[in-house]
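> Here you go, this is final-v1.pdb (PDB, C-alpha atoms and all ligand atoms).
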```
ATOM      1  CA  MET A1135     135.776 162.849 102.868
ATOM      2  CA  ILE A1136     133.846 161.727  99.779
ATOM      3  CA  PHE A1137     135.743 159.844  97.110
ATOM      4  CA  THR A1138     134.311 160.541  93.675
ATOM      5  CA  ARG A1139     135.416 159.453  90.259
ATOM      6  CA  GLU A1140     137.357 161.631  87.863
ATOM      7  CA  THR A1141     135.509 162.709  84.733
ATOM      8  CA  THR A1142     138.336 161.401  82.559
ATOM      9  CA  GLU A1143     137.813 157.803  83.625
ATOM     10  CA  LEU A1144     136.630 155.212  81.151
ATOM     11  CA  PRO A1145     132.912 154.471  81.393
ATOM     12  CA  THR A1146     133.267 150.891  82.547
ATOM     13  CA  GLN A1147     129.718 149.948  81.553
ATOM     14  CA  LYS A1148     130.822 149.801  77.914
ATOM     15  CA  LEU A1149     132.875 146.690  78.578
ATOM     16  CA  LYS A1150     131.035 143.371  78.491
ATOM     17  CA  THR A1151     131.976 141.268  81.488
ATOM     18  CA  VAL A1152     132.522 137.626  80.553
ATOM     19  CA  THR A1153     133.089 135.249  83.442
ATOM     20  CA  LYS A1154     134.071 131.589  83.741
ATOM     21  CA  VAL A1155     131.178 129.897  85.504
ATOM     22  CA  SER A1156     131.376 126.327  86.814
ATOM     23  CA  LYS A1157     127.824 124.969  87.238
ATOM     24  CA  TRP A1158     126.898 121.375  88.142
ATOM     25  CA  ASP A1159     123.799 119.248  88.665
ATOM     26  CA  ASN A1160     124.767 118.403  92.240
ATOM     27  CA  TYR A1161     126.845 119.896  95.031
ATOM     28  CA  GLU A1162     128.093 118.222  98.210
ATOM     29  CA  CYS A1163     130.683 118.604 100.941
ATOM     30  CA  VAL A1164     133.547 116.081 100.812
ATOM     31  CA  ASP A1165     136.467 115.464 103.125
ATOM     32  CA  ILE A1166     139.812 114.910 101.364
ATOM     33  CA  LYS A1167     142.839 114.365 103.624
ATOM     34  CA  ASN A1168     140.976 116.121 106.457
ATOM     35  CA  ILE A1169     140.236 119.193 104.365
ATOM     36  CA  LYS A1170     136.612 120.066 103.631
ATOM     37  CA  TYR A1171     135.789 120.794 100.006
ATOM     38  CA  ILE A1172     132.651 121.619  98.094
ATOM     39  CA  ARG A1173     132.369 119.313  95.117
ATOM     40  CA  GLY A1174     130.210 120.113  92.117
ATOM     41  CA  PHE A1175     129.481 117.032  90.014
ATOM     42  CA  ASN A1176     127.386 115.525  87.271
ATOM     43  CA  SER A1177     125.994 112.043  87.640
ATOM     44  CA  ASN A1178     126.027 111.288  83.907
ATOM     45  CA  ASN A1179     128.571 112.455  81.353
ATOM     46  CA  ALA A1180     131.615 114.658  81.542
ATOM     47  CA  ILE A1181     130.795 118.262  80.673
ATOM     48  CA  ASP A1182     132.792 121.467  80.163
ATOM     49  CA  MET A1183     134.327 122.305  83.517
ATOM     50  CA  TYR A1184     133.140 125.877  83.020
ATOM     51  CA  SER A1185     131.333 128.016  80.500
ATOM     52  CA  PHE A1186     131.649 131.698  79.680
ATOM     53  CA  GLU A1187     128.725 133.763  80.868
ATOM     54  CA  LEU A1188     127.904 137.395  80.340
ATOM     55  CA  ILE A1189     127.121 138.815  83.792
ATOM     56  CA  GLU A1190     126.534 142.557  83.863
ATOM     57  CA  GLN A1191     124.832 143.231  87.183
ATOM     58  CA  PRO A1192     126.503 143.046  90.578
ATOM     59  CA  LEU A1193     124.014 140.498  91.948
ATOM     60  CA  ILE A1194     126.698 137.883  92.630
ATOM     61  CA  LEU A1195     128.570 140.366  94.787
ATOM     62  CA  TYR A1196     125.375 141.142  96.710
ATOM     63  CA  ASN A1197     124.584 137.432  97.072
ATOM     64  CA  LEU A1198     128.064 136.911  98.507
ATOM     65  CA  MET A1199     127.570 139.778 100.963
ATOM     66  CA  GLU A1200     124.230 138.240 101.978
ATOM     67  CA  LEU A1201     125.967 134.914 102.523
ATOM     68  CA  TYR A1202     128.594 136.655 104.660
ATOM     69  CA  ASN A1203     125.854 138.022 106.930
ATOM     70  CA  LYS A1204     124.167 134.647 107.298
ATOM     71  CA  LEU A1205     127.389 132.919 108.368
ATOM     72  CA  PRO A1206     128.555 133.332 112.004
ATOM     73  CA  THR A1207     131.158 136.097 112.527
ATOM     74  CA  LYS A1208     133.492 133.759 114.399
ATOM     75  CA  ILE A1209     134.085 131.577 111.336
ATOM     76  CA  PHE A1210     135.789 134.442 109.460
ATOM     77  CA  ASP A1211     139.436 133.949 110.254
ATOM     78  CA  PHE A1212     142.589 134.062 108.139
ATOM     79  CA  ASN A1213     143.768 130.817 109.727
ATOM     80  CA  GLN A1214     142.421 128.211 107.318
ATOM     81  CA  SER A1215     143.049 125.212 109.613
ATOM     82  CA  TYR A1216     140.902 126.927 112.231
ATOM     83  CA  VAL A1217     138.128 127.525 109.658
ATOM     84  CA  ASN A1218     138.369 123.944 108.415
ATOM     85  CA  GLU A1219     137.953 122.564 111.931
ATOM     86  CA  ASN A1220     135.227 124.926 113.085
ATOM     87  CA  ILE A1221     132.892 125.184 110.126
ATOM     88  CA  THR A1222     129.514 123.609 110.926
ATOM     89  CA  THR A1223     127.070 121.630 108.782
ATOM     90  CA  ASN A1224     124.699 124.555 108.954
ATOM     91  CA  ASP A1225     127.403 126.909 107.569
ATOM     92  CA  ILE A1226     128.197 124.431 104.806
ATOM     93  CA  ASP A1227     124.509 124.198 103.864
ATOM     94  CA  LEU A1228     124.439 127.975 103.383
ATOM     95  CA  ILE A1229     127.478 127.785 101.076
ATOM     96  CA  LEU A1230     125.907 124.886  99.175
ATOM     97  CA  ALA A1231     122.765 126.964  98.653
ATOM     98  CA  PHE A1232     124.885 129.749  97.125
ATOM     99  CA  CYS A1233     126.538 127.209  94.781
ATOM    100  CA  LYS A1234     123.192 125.750  93.702
ATOM    101  CA  LYS A1235     122.055 129.198  92.708
ATOM    102  CA  ASN A1236     125.242 130.604  91.163
ATOM    103  CA  GLY A1237     127.781 127.811  90.602
ATOM    104  CA  LEU A1238     131.202 127.404  92.231
ATOM    105  CA  PRO A1239     132.666 130.737  93.406
ATOM    106  CA  PHE A1240     136.175 129.591  92.297
ATOM    107  CA  TRP A1241     138.012 126.287  91.990
ATOM    108  CA  SER A1242     141.146 124.715  93.370
ATOM    109  CA  LYS A1243     142.191 121.223  94.453
ATOM    110  CA  LYS A1244     144.329 122.561  97.258
ATOM    111  CA  ILE A1245     144.204 125.230  99.965
ATOM    112  CA  THR A1246     144.927 128.637  98.478
ATOM    113  CA  VAL A1247     145.142 132.269  99.567
ATOM    114  CA  ASP A1248     144.198 133.521  96.102
ATOM    115  CA  VAL A1249     140.584 132.645  95.403
ATOM    116  CA  PHE A1250     140.323 135.385  92.792
ATOM    117  CA  ARG A1251     142.169 133.072  90.427
ATOM    118  CA  ASN A1252     141.402 129.402  89.782
ATOM    119  CA  GLU A1253     144.096 126.809  90.181
ATOM    120  CA  GLU A1254     144.521 126.421  86.414
ATOM    121  CA  ASP A1255     144.716 130.193  85.808
ATOM    122  CA  VAL A1256     147.825 130.762  87.893
ATOM    123  CA  PRO A1257     150.497 131.638  85.321
ATOM    124  CA  ASN A1258     153.236 129.069  84.999
ATOM    125  CA  PRO A1259     156.624 130.834  84.760
ATOM    126  CA  GLU A1260     157.813 128.307  82.154
ATOM    127  CA  GLU A1261     154.838 128.998  79.947
ATOM    128  CA  SER A1262     154.999 131.963  77.573
ATOM    129  CA  ILE A1263     152.407 134.716  77.858
ATOM    130  CA  GLU A1264     151.003 133.847  74.416
ATOM    131  CA  GLU A1265     150.595 130.218  75.343
ATOM    132  CA  HIS A1266     148.896 131.118  78.588
ATOM    133  CA  THR A1267     146.532 133.541  76.876
ATOM    134  CA  LEU A1268     145.631 131.021  74.177
ATOM    135  CA  LEU A1269     144.895 128.292  76.689
ATOM    136  CA  HIS A1270     142.853 130.687  78.757
ATOM    137  CA  GLY A1271     139.699 130.030  76.744
ATOM    138  CA  ILE A1272     139.724 126.235  76.559
ATOM    139  CA  SER A1273     137.495 124.483  79.049
ATOM    140  CA  PRO A1274     138.511 120.896  79.898
ATOM    141  CA  LEU A1275     135.855 118.168  80.105
ATOM    142  CA  SER A1276     135.199 116.889  83.583
ATOM    143  CA  ILE A1277     132.629 115.157  85.765
ATOM    144  CA  GLU A1278     133.476 117.291  88.817
ATOM    145  CA  ASN A1279     135.126 120.408  90.198
ATOM    146  CA  PHE A1280     136.205 121.423  93.732
ATOM    147  CA  PHE A1281     137.058 124.245  96.072
ATOM    148  CA  PRO A1282     138.338 124.174  99.682
ATOM    149  CA  ILE A1283     135.745 125.770 101.984
ATOM    150  CA  SER A1284     138.350 127.409 104.256
ATOM    151  CA  SER A1285     139.922 129.250 101.302
ATOM    152  CA  PHE A1286     136.502 130.499 100.222
ATOM    153  CA  ILE A1287     135.827 131.844 103.730
ATOM    154  CA  VAL A1288     139.084 133.828 103.652
ATOM    155  CA  GLY A1289     138.230 135.236 100.208
ATOM    156  CA  LEU A1290     134.735 136.160 101.352
ATOM    157  CA  LEU A1291     136.186 137.914 104.392
ATOM    158  CA  GLN A1292     138.490 140.000 102.176
ATOM    159  CA  LEU A1293     135.671 140.829  99.775
ATOM    160  CA  HIS A1294     133.422 141.913 102.634
ATOM    161  CA  MET A1295     136.127 144.165 104.094
ATOM    162  CA  ASP A1296     136.420 145.893 100.711
ATOM    163  CA  PHE A1297     132.646 146.217 100.493
ATOM    164  CA  LEU A1298     132.643 148.027 103.860
ATOM    165  CA  ARG A1299     135.493 150.254 102.632
ATOM    166  CA  ILE A1300     133.320 151.442  99.729
ATOM    167  CA  ILE A1301     130.283 151.991 101.936
ATOM    168  CA  SER A1302     132.440 153.918 104.365
ATOM    169  CA  ALA A1303     134.063 156.104 101.696
ATOM    170  CA  ASN A1304     130.676 157.020 100.216
ATOM    171  CA  SER A1305     128.639 157.130 103.443
ATOM    172  CA  TRP A1306     126.207 154.604 102.016
ATOM    173  CA  GLU A1307     125.390 152.857 105.287
ATOM    174  CA  GLU A1308     121.996 154.585 105.528
ATOM    175  CA  ASP A1309     121.155 153.970 101.870
ATOM    176  CA  GLU A1310     118.025 151.870 101.508
ATOM    177  CA  ASN A1311     119.739 149.595  98.971
ATOM    178  CA  ILE A1312     122.769 148.972 101.126
ATOM    179  CA  TYR A1313     121.256 148.919 104.593
ATOM    180  CA  PRO A1314     119.708 145.419 104.284
ATOM    181  CA  LEU A1315     123.164 144.036 103.460
ATOM    182  CA  LEU A1316     124.745 145.234 106.686
ATOM    183  CA  SER A1317     124.864 143.454 110.028
ATOM    184  CA  GLU A1318     124.875 144.965 113.530
ATOM    185  CA  ASN A1319     128.666 144.768 113.864
ATOM    186  CA  ASP A1320     129.283 146.639 110.630
ATOM    187  CA  ALA A1321     128.488 150.135 111.940
ATOM    188  CA  SER A1322     131.497 150.242 114.250
ATOM    189  CA  LYS A1323     133.733 148.645 111.583
ATOM    190  CA  ILE A1324     132.656 151.320 109.087
ATOM    191  CA  ASN A1325     133.540 154.049 111.584
ATOM    192  CA  ASP A1326     137.005 152.591 112.113
ATOM    193  CA  ILE A1327     137.571 152.284 108.369
ATOM    194  CA  ARG A1328     136.474 155.899 107.872
ATOM    195  CA  LYS A1329     139.156 157.124 110.274
ATOM    196  CA  ILE A1330     141.852 155.196 108.408
ATOM    197  CA  GLN A1331     140.609 156.470 105.045
ATOM    198  CA  ALA A1332     140.602 160.090 106.202
ATOM    199  CA  HIS A1333     144.126 159.671 107.481
ATOM    200  CA  ARG A1334     145.518 157.957 104.371
ATOM    201  CA  LYS A1335     143.296 159.797 101.873
ATOM    202  CA  THR A1336     142.645 156.541  99.992
ATOM    203  CA  ILE A1337     139.815 154.047  99.961
ATOM    204  CA  GLY A1338     142.290 151.234 100.362
ATOM    205  CA  LEU A1339     140.574 148.529  98.282
ATOM    206  CA  HIS A1340     142.507 145.316  98.541
ATOM    207  CA  THR A1341     140.919 142.552  96.459
ATOM    208  CA  PRO A1342     140.762 144.237  93.015
ATOM    209  CA  ALA A1343     144.542 144.544  93.113
ATOM    210  CA  LEU A1344     145.121 140.863  93.871
ATOM    211  CA  CYS A1345     144.419 139.590  90.401
ATOM    212  CA  PRO A1346     144.735 141.616  87.176
ATOM    213  CA  TYR A1347     141.892 141.944  84.679
ATOM    214  CA  THR A1348     142.386 141.049  81.057
ATOM    215  CA  THR A1349     140.424 142.426  78.154
ATOM    216  CA  PHE A1350     139.736 140.542  74.960
ATOM    217  CA  TRP A1351     138.313 141.584  71.621
ATOM    218  CA  ASN A1352     135.467 139.241  70.686
ATOM    219  CA  ASP A1353     135.245 139.522  66.941
ATOM    220  CA  GLU A1354     131.942 137.644  66.621
ATOM    221  CA  ALA A1355     130.183 139.747  69.228
ATOM    222  CA  MET A1356     132.124 142.853  68.093
ATOM    223  CA  THR A1357     132.723 143.877  71.681
ATOM    224  CA  LEU A1358     135.640 144.508  73.924
ATOM    225  CA  GLN A1359     135.215 142.028  76.738
ATOM    226  CA  LEU A1360     136.560 141.951  80.222
ATOM    227  CA  ASN A1361     137.456 138.407  81.211
ATOM    228  CA  CYS A1362     136.908 137.354  84.804
ATOM    229  CA  ASN A1363     138.358 134.117  86.160
ATOM    230  CA  ASN A1364     135.445 133.244  88.391
ATOM    231  CA  LEU A1365     132.597 134.690  90.462
ATOM    232  CA  MET A1366     134.988 135.952  93.148
ATOM    233  CA  HIS A1367     137.070 137.776  90.550
ATOM    234  CA  LEU A1368     133.923 139.191  88.947
ATOM    235  CA  SER A1369     132.837 140.494  92.354
ATOM    236  CA  THR A1370     136.101 142.409  92.773
ATOM    237  CA  TYR A1371     135.355 144.066  89.418
ATOM    238  CA  HIS A1372     131.873 145.013  90.602
ATOM    239  CA  LEU A1373     133.406 146.575  93.713
ATOM    240  CA  CYS A1374     135.415 148.820  91.382
ATOM    241  CA  THR A1375     132.377 149.781  89.301
ATOM    242  CA  LEU A1376     130.303 150.552  92.403
ATOM    243  CA  GLN A1377     132.968 152.977  93.525
ATOM    244  CA  GLN A1378     133.725 154.420  90.107
ATOM    245  CA  ALA A1379     130.190 154.828  88.810
ATOM    246  CA  GLN A1380     128.951 156.004  92.231
ATOM    247  CA  ASP A1381     125.705 154.126  91.799
ATOM    248  CA  TYR A1382     124.364 150.609  91.576
ATOM    249  CA  THR A1383     125.265 150.254  87.887
ATOM    250  CA  GLY A1384     121.960 151.296  86.426
ATOM    251  CA  GLY A1385     119.521 149.967  88.972
ATOM    252  CA  TYR A1386     118.429 149.677  92.560
ATOM    253  CA  MET A1387     119.232 146.695  94.738
ATOM    254  CA  LYS A1388     116.049 145.341  96.263
ATOM    255  CA  VAL A1389     114.785 142.350  98.154
ATOM    256  CA  CYS A1390     111.696 140.953  96.414
ATOM    257  CA  LYS A1391     108.616 141.293  98.616
ATOM    258  CA  LYS A1392     107.428 137.810  97.620
ATOM    259  CA  CYS A1393     110.412 135.464  97.152
ATOM    260  CA  LYS A1394     112.814 137.481  99.356
ATOM    261  CA  GLN A1395     115.592 137.152  96.762
ATOM    262  CA  LEU A1396     117.783 140.069  95.714
ATOM    263  CA  PHE A1397     117.120 141.638  92.334
ATOM    264  CA  VAL A1398     118.008 144.792  90.437
ATOM    265  CA  ALA A1399     115.041 147.117  90.009
ATOM    266  CA  THR A1400     114.839 149.723  87.268
ATOM    267  CA  THR A1401     112.819 152.151  89.403
ATOM    268  CA  PRO A1402     113.049 152.797  93.153
ATOM    269  CA  GLN A1403     109.341 151.923  93.541
ATOM    270  CA  GLN A1404     109.601 148.390  92.129
ATOM    271  CA  LYS A1405     108.994 145.822  94.884
ATOM    272  CA  PHE A1406     108.818 142.545  92.945
ATOM    273  CA  CYS A1407     111.541 140.743  91.028
ATOM    274  CA  ASN A1408     109.300 139.983  87.992
ATOM    275  CA  ASN A1409     111.197 136.701  87.783
ATOM    276  CA  PRO A1410     108.731 135.181  88.402
ATOM    277  CA  CYS A1411     107.022 137.264  91.128
ATOM    278  CA  THR A1412     104.745 140.037  89.956
ATOM    279  CA  ARG A1413     102.728 142.609  91.828
ATOM    280  CA  GLN A1414      99.498 141.219  90.395
ATOM    281  CA  ALA A1415     100.220 137.644  91.493
ATOM    282  CA  TYR A1416     101.227 138.805  94.966
ATOM    283  CA  TYR A1417      98.091 140.832  95.609
ATOM    284  CA  SER A1418      95.661 138.339  94.108
ATOM    285  CA  SER A1419      97.096 135.574  96.325
ATOM    286  CA  LYS A1420      96.871 137.906  99.364
ATOM    287  CA  LYS A1421      93.231 138.557  98.503
ATOM    288  CA  ARG A1422      92.495 134.838  98.366
ATOM    289  CA  LYS A1423      94.004 134.443 101.807
ATOM    290  CA  GLY A1424      91.847 137.301 103.072
ATOM    291  CA  SER A1425      94.766 139.481 104.163
ATOM    292  CA  ASP A1426      94.530 143.222 103.707
ATOM    293  CA  ASP A1427      98.294 143.930 103.341
TER
HETATM  294 ZN    ZN A1501     110.554 137.387  93.572
END
```
Do you think you could lay out the structure here as structure tokens?
Ligand SMILES: [Zn+2]


Amino acid sequence: MIFTRETTELPTQKLKTVTKVSKWDNYECVDIKNIKYIRGFNSNNAIDMYSFELIEQPLILYNLMELYNKLPTKIFDFNQSYVNENITTNDIDLILAFCKKNGLPFWSKKITVDVFRNEEDVPNPEESIEEHTLLHGISPLSIENFFPISSFIVGLLQLHMDFLRIISANSWEEDENIYPLLSENDASKINDIRKIQAHRKTIGLHTPALCPYTTFWNDEAMTLQLNCNNLMHLSTYHLCTLQQAQDYTGGYMKVCKKCKQLFVATTPQQKFCNNPCTRQAYYSSKKRKGSDD
């Protein structure tokens, strides 16, 4: 069964995706009351705890899926105490590398099951909707920000399961863009998911339903914006657009031949990220080394 989008659906690309991004000069792992956190911090002055960034391409989602594959399968467990006790320094280094590149995936000062919302974004029942919406855009000053590693692992596990659901529904496992993002165990998981999908006649995405999306008219930019709470929330949106648009939102996912980082290519032939690796630089350095590749 192939799940395709209806022609009446809104072309999602016309919305600008604005995401709260929490970036810091330094990242480290800290132990607070026996719970392991990643702490982002600045050595000098307090800064905005997050900024709003326009992120259109699904690279963060792909980076998260890459991170999933690098981490050992056995660490992905819904029991957060187990994750907290069993996560290794090597695993933490991989998560730190993701944060250095992209910022904190979400933030919370306590263990949570909802990483698609930051601690401060959880609506307070005593607060009116208007008040909550108004406060939504104000970033507090801070010298640091945190997230519990075990909660992140659970969120990443859920995100990855949804990613496999989309691949399964569209039979994308052989696609040259998707294939590098799959591990050996995924083939059998995809087959199992496909059976469930055929039976239920739904894709069964879980994470996009966990946290609603809000839109916002930005009068200065004259655009209708989609607000995402954090990088995890943004990734759930990109899962939806992958499924709905039935492509890789205007590009091809590639691994750069030189720096080995993911990038979005405009043509299927493009092999270099152009940021900063170029074809010319690659081949002239090869020539100097006397290689004939
Ligand atoms: Zn590159």

> Return as JSON the centre and edge lengths, in Å with one decimal, of the box along x, y and z that encloses every atom of range 1282-1292 of chain A in the file, padded by 3 Å per side.


```
{"center_x": 137.3, "center_y": 132.1, "center_z": 102.0, "size_x": 11.2, "size_y": 21.8, "size_z": 10.7}
```

> Using only C-alpha atoms and all ligand atoms, what are the residues with an atom within 9 Å of ligand ZN 1501 (chain A), set out as a ChimeraX atom specification?

/A:1389-1397,1405-1412

> List the residues matched by the PyMOL selection byres (((chain A and resi 1401) around 10) and not hetatm) in the displayed structure as a PyMOL selection string, ordered by chain and then by residue number.

chain A and resi 1384-1387+1398-1400+1402-1405

> Output the residue selection produced by the PyMOL selection byres (((chain A and resi 1159) around 8) and not hetatm) on the file above, formatted as a ChimeraX atom specification.

/A:1157-1158,1160-1161,1174-1177

> What is the CA of Ile1172 in chain A-CA of Leu1230 in chain A distance in Å, reported with one decimal?

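Result for CA of Ile1172 in chain A versus CA of Leu1230 in chain A: 7.6 Å, one decimal.
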
> Within 8 Å of Ser1302 in chain A, counting all atoms listed in the file, which residues show up once you throw out same-chain ones fewer than 6 positions away? Write them as a list in words, please.

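Contacts, in chain order: Ile1324, Asn1325, Ile1327 and Arg1328 of chain A.
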
> Please provide the set of residues having any atom within 10 Å of range 1224-1227 of chain A, restricted to all atoms listed in the file, with same-chain residues fewer than 5 positions apart removed, written as a list of chain:residue names.

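These residues fall inside the cut-off: A:Glu1162, A:Cys1163, A:Lys1170, A:Tyr1171, A:Ile1172, A:Leu1201, A:Lys1204, A:Leu1205, A:Pro1206, A:Ile1209, A:Phe1232, A:Cys1233, A:Ile1283.
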
> Export, as a short mmCIF file (atom, residue, chain, number, x, y, z; two decimals), keeping the file's coordinate frame, the selected residues with C-alpha atoms.


```
data_model
loop_
_atom_site.label_atom_id
_atom_site.label_comp_id
_atom_site.auth_asym_id
_atom_site.auth_seq_id
_atom_site.Cartn_x
_atom_site.Cartn_y
_atom_site.Cartn_z
CA GLU A 1162 128.09 118.22 98.21
CA CYS A 1163 130.68 118.60 100.94
CA LYS A 1170 136.61 120.07 103.63
CA TYR A 1171 135.79 120.79 100.01
CA ILE A 1172 132.65 121.62 98.09
CA LEU A 1201 125.97 134.91 102.52
CA LYS A 1204 124.17 134.65 107.30
CA LEU A 1205 127.39 132.92 108.37
CA PRO A 1206 128.56 133.33 112.00
CA ILE A 1209 134.08 131.58 111.34
CA PHE A 1232 124.88 129.75 97.12
CA CYS A 1233 126.54 127.21 94.78
CA ILE A 1283 135.74 125.77 101.98
#
```

> So what do you get for CA of Leu1298 in chain A versus CA of Thr1370 in chain A, distance-wise?

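Here the two named atoms are 12.9 Å from each other.
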
> Could you please determine the separation between CA of Asp1326 in chain A and CA of Thr1207 in chain A in Å, to one decimal place?

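Between CA of Asp1326 in chain A and CA of Thr1207 in chain A the gap works out to 17.5 Å.
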
> Which residue gives the smallest distance to Asp1255 in chain A among A:Ile1301, A:Ala1231, A:Ala1379, A:Cys1362, with all atoms listed in the file counted?

A:Cys1362

> Just checking: using all atoms listed in the file, which residue out of A:Tyr1184, A:Tyr1416, A:Phe1297, A:Tyr1216 ends up closest to Glu1254 in chain A?

A:Tyr1184

> Let me make sure I understand: among A:Asn1252, A:His1367, A:Leu1373, A:Phe1186, which one has the smallest atom-to-atom distance to Arg1299 in chain A if we use all atoms listed in the file?

A:Leu1373

> Working from the structure I just supplied, which lacks atoms in range 1278-1289 of chain A, can you model N, CA and C atoms there and output them as a short mmCIF file (atom, residue, chain, number, x, y, z; two decimals), keeping the file's coordinate frame?


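Contents of result.cif, as written:
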```cif
data_model
loop_
_atom_site.label_atom_id
_atom_site.label_comp_id
_atom_site.auth_asym_id
_atom_site.auth_seq_id
_atom_site.Cartn_x
_atom_site.Cartn_y
_atom_site.Cartn_z
N GLU A 1278 133.52 116.64 87.50
CA GLU A 1278 133.48 117.29 88.82
C GLU A 1278 134.44 118.47 88.90
N ASN A 1279 134.25 119.27 89.93
CA ASN A 1279 135.13 120.41 90.20
C ASN A 1279 135.04 120.73 91.70
N PHE A 1280 136.11 121.28 92.27
CA PHE A 1280 136.21 121.42 93.73
C PHE A 1280 136.67 122.80 94.18
N PHE A 1281 136.32 123.17 95.41
CA PHE A 1281 137.06 124.24 96.07
C PHE A 1281 137.12 123.98 97.58
N PRO A 1282 138.23 124.35 98.23
CA PRO A 1282 138.34 124.17 99.68
C PRO A 1282 137.51 125.26 100.39
N ILE A 1283 136.66 124.84 101.31
CA ILE A 1283 135.74 125.77 101.98
C ILE A 1283 136.52 126.84 102.77
N SER A 1284 137.61 126.44 103.43
CA SER A 1284 138.35 127.41 104.26
C SER A 1284 138.92 128.54 103.40
N SER A 1285 139.36 128.21 102.18
CA SER A 1285 139.92 129.25 101.30
C SER A 1285 138.82 130.22 100.87
N PHE A 1286 137.64 129.66 100.61
CA PHE A 1286 136.50 130.50 100.22
C PHE A 1286 136.16 131.48 101.34
N ILE A 1287 136.17 130.99 102.58
CA ILE A 1287 135.83 131.84 103.73
C ILE A 1287 136.81 133.02 103.83
N VAL A 1288 138.08 132.76 103.61
CA VAL A 1288 139.08 133.83 103.65
C VAL A 1288 138.84 134.84 102.53
N GLY A 1289 138.53 134.35 101.33
CA GLY A 1289 138.23 135.24 100.21
C GLY A 1289 137.00 136.08 100.47
#
```
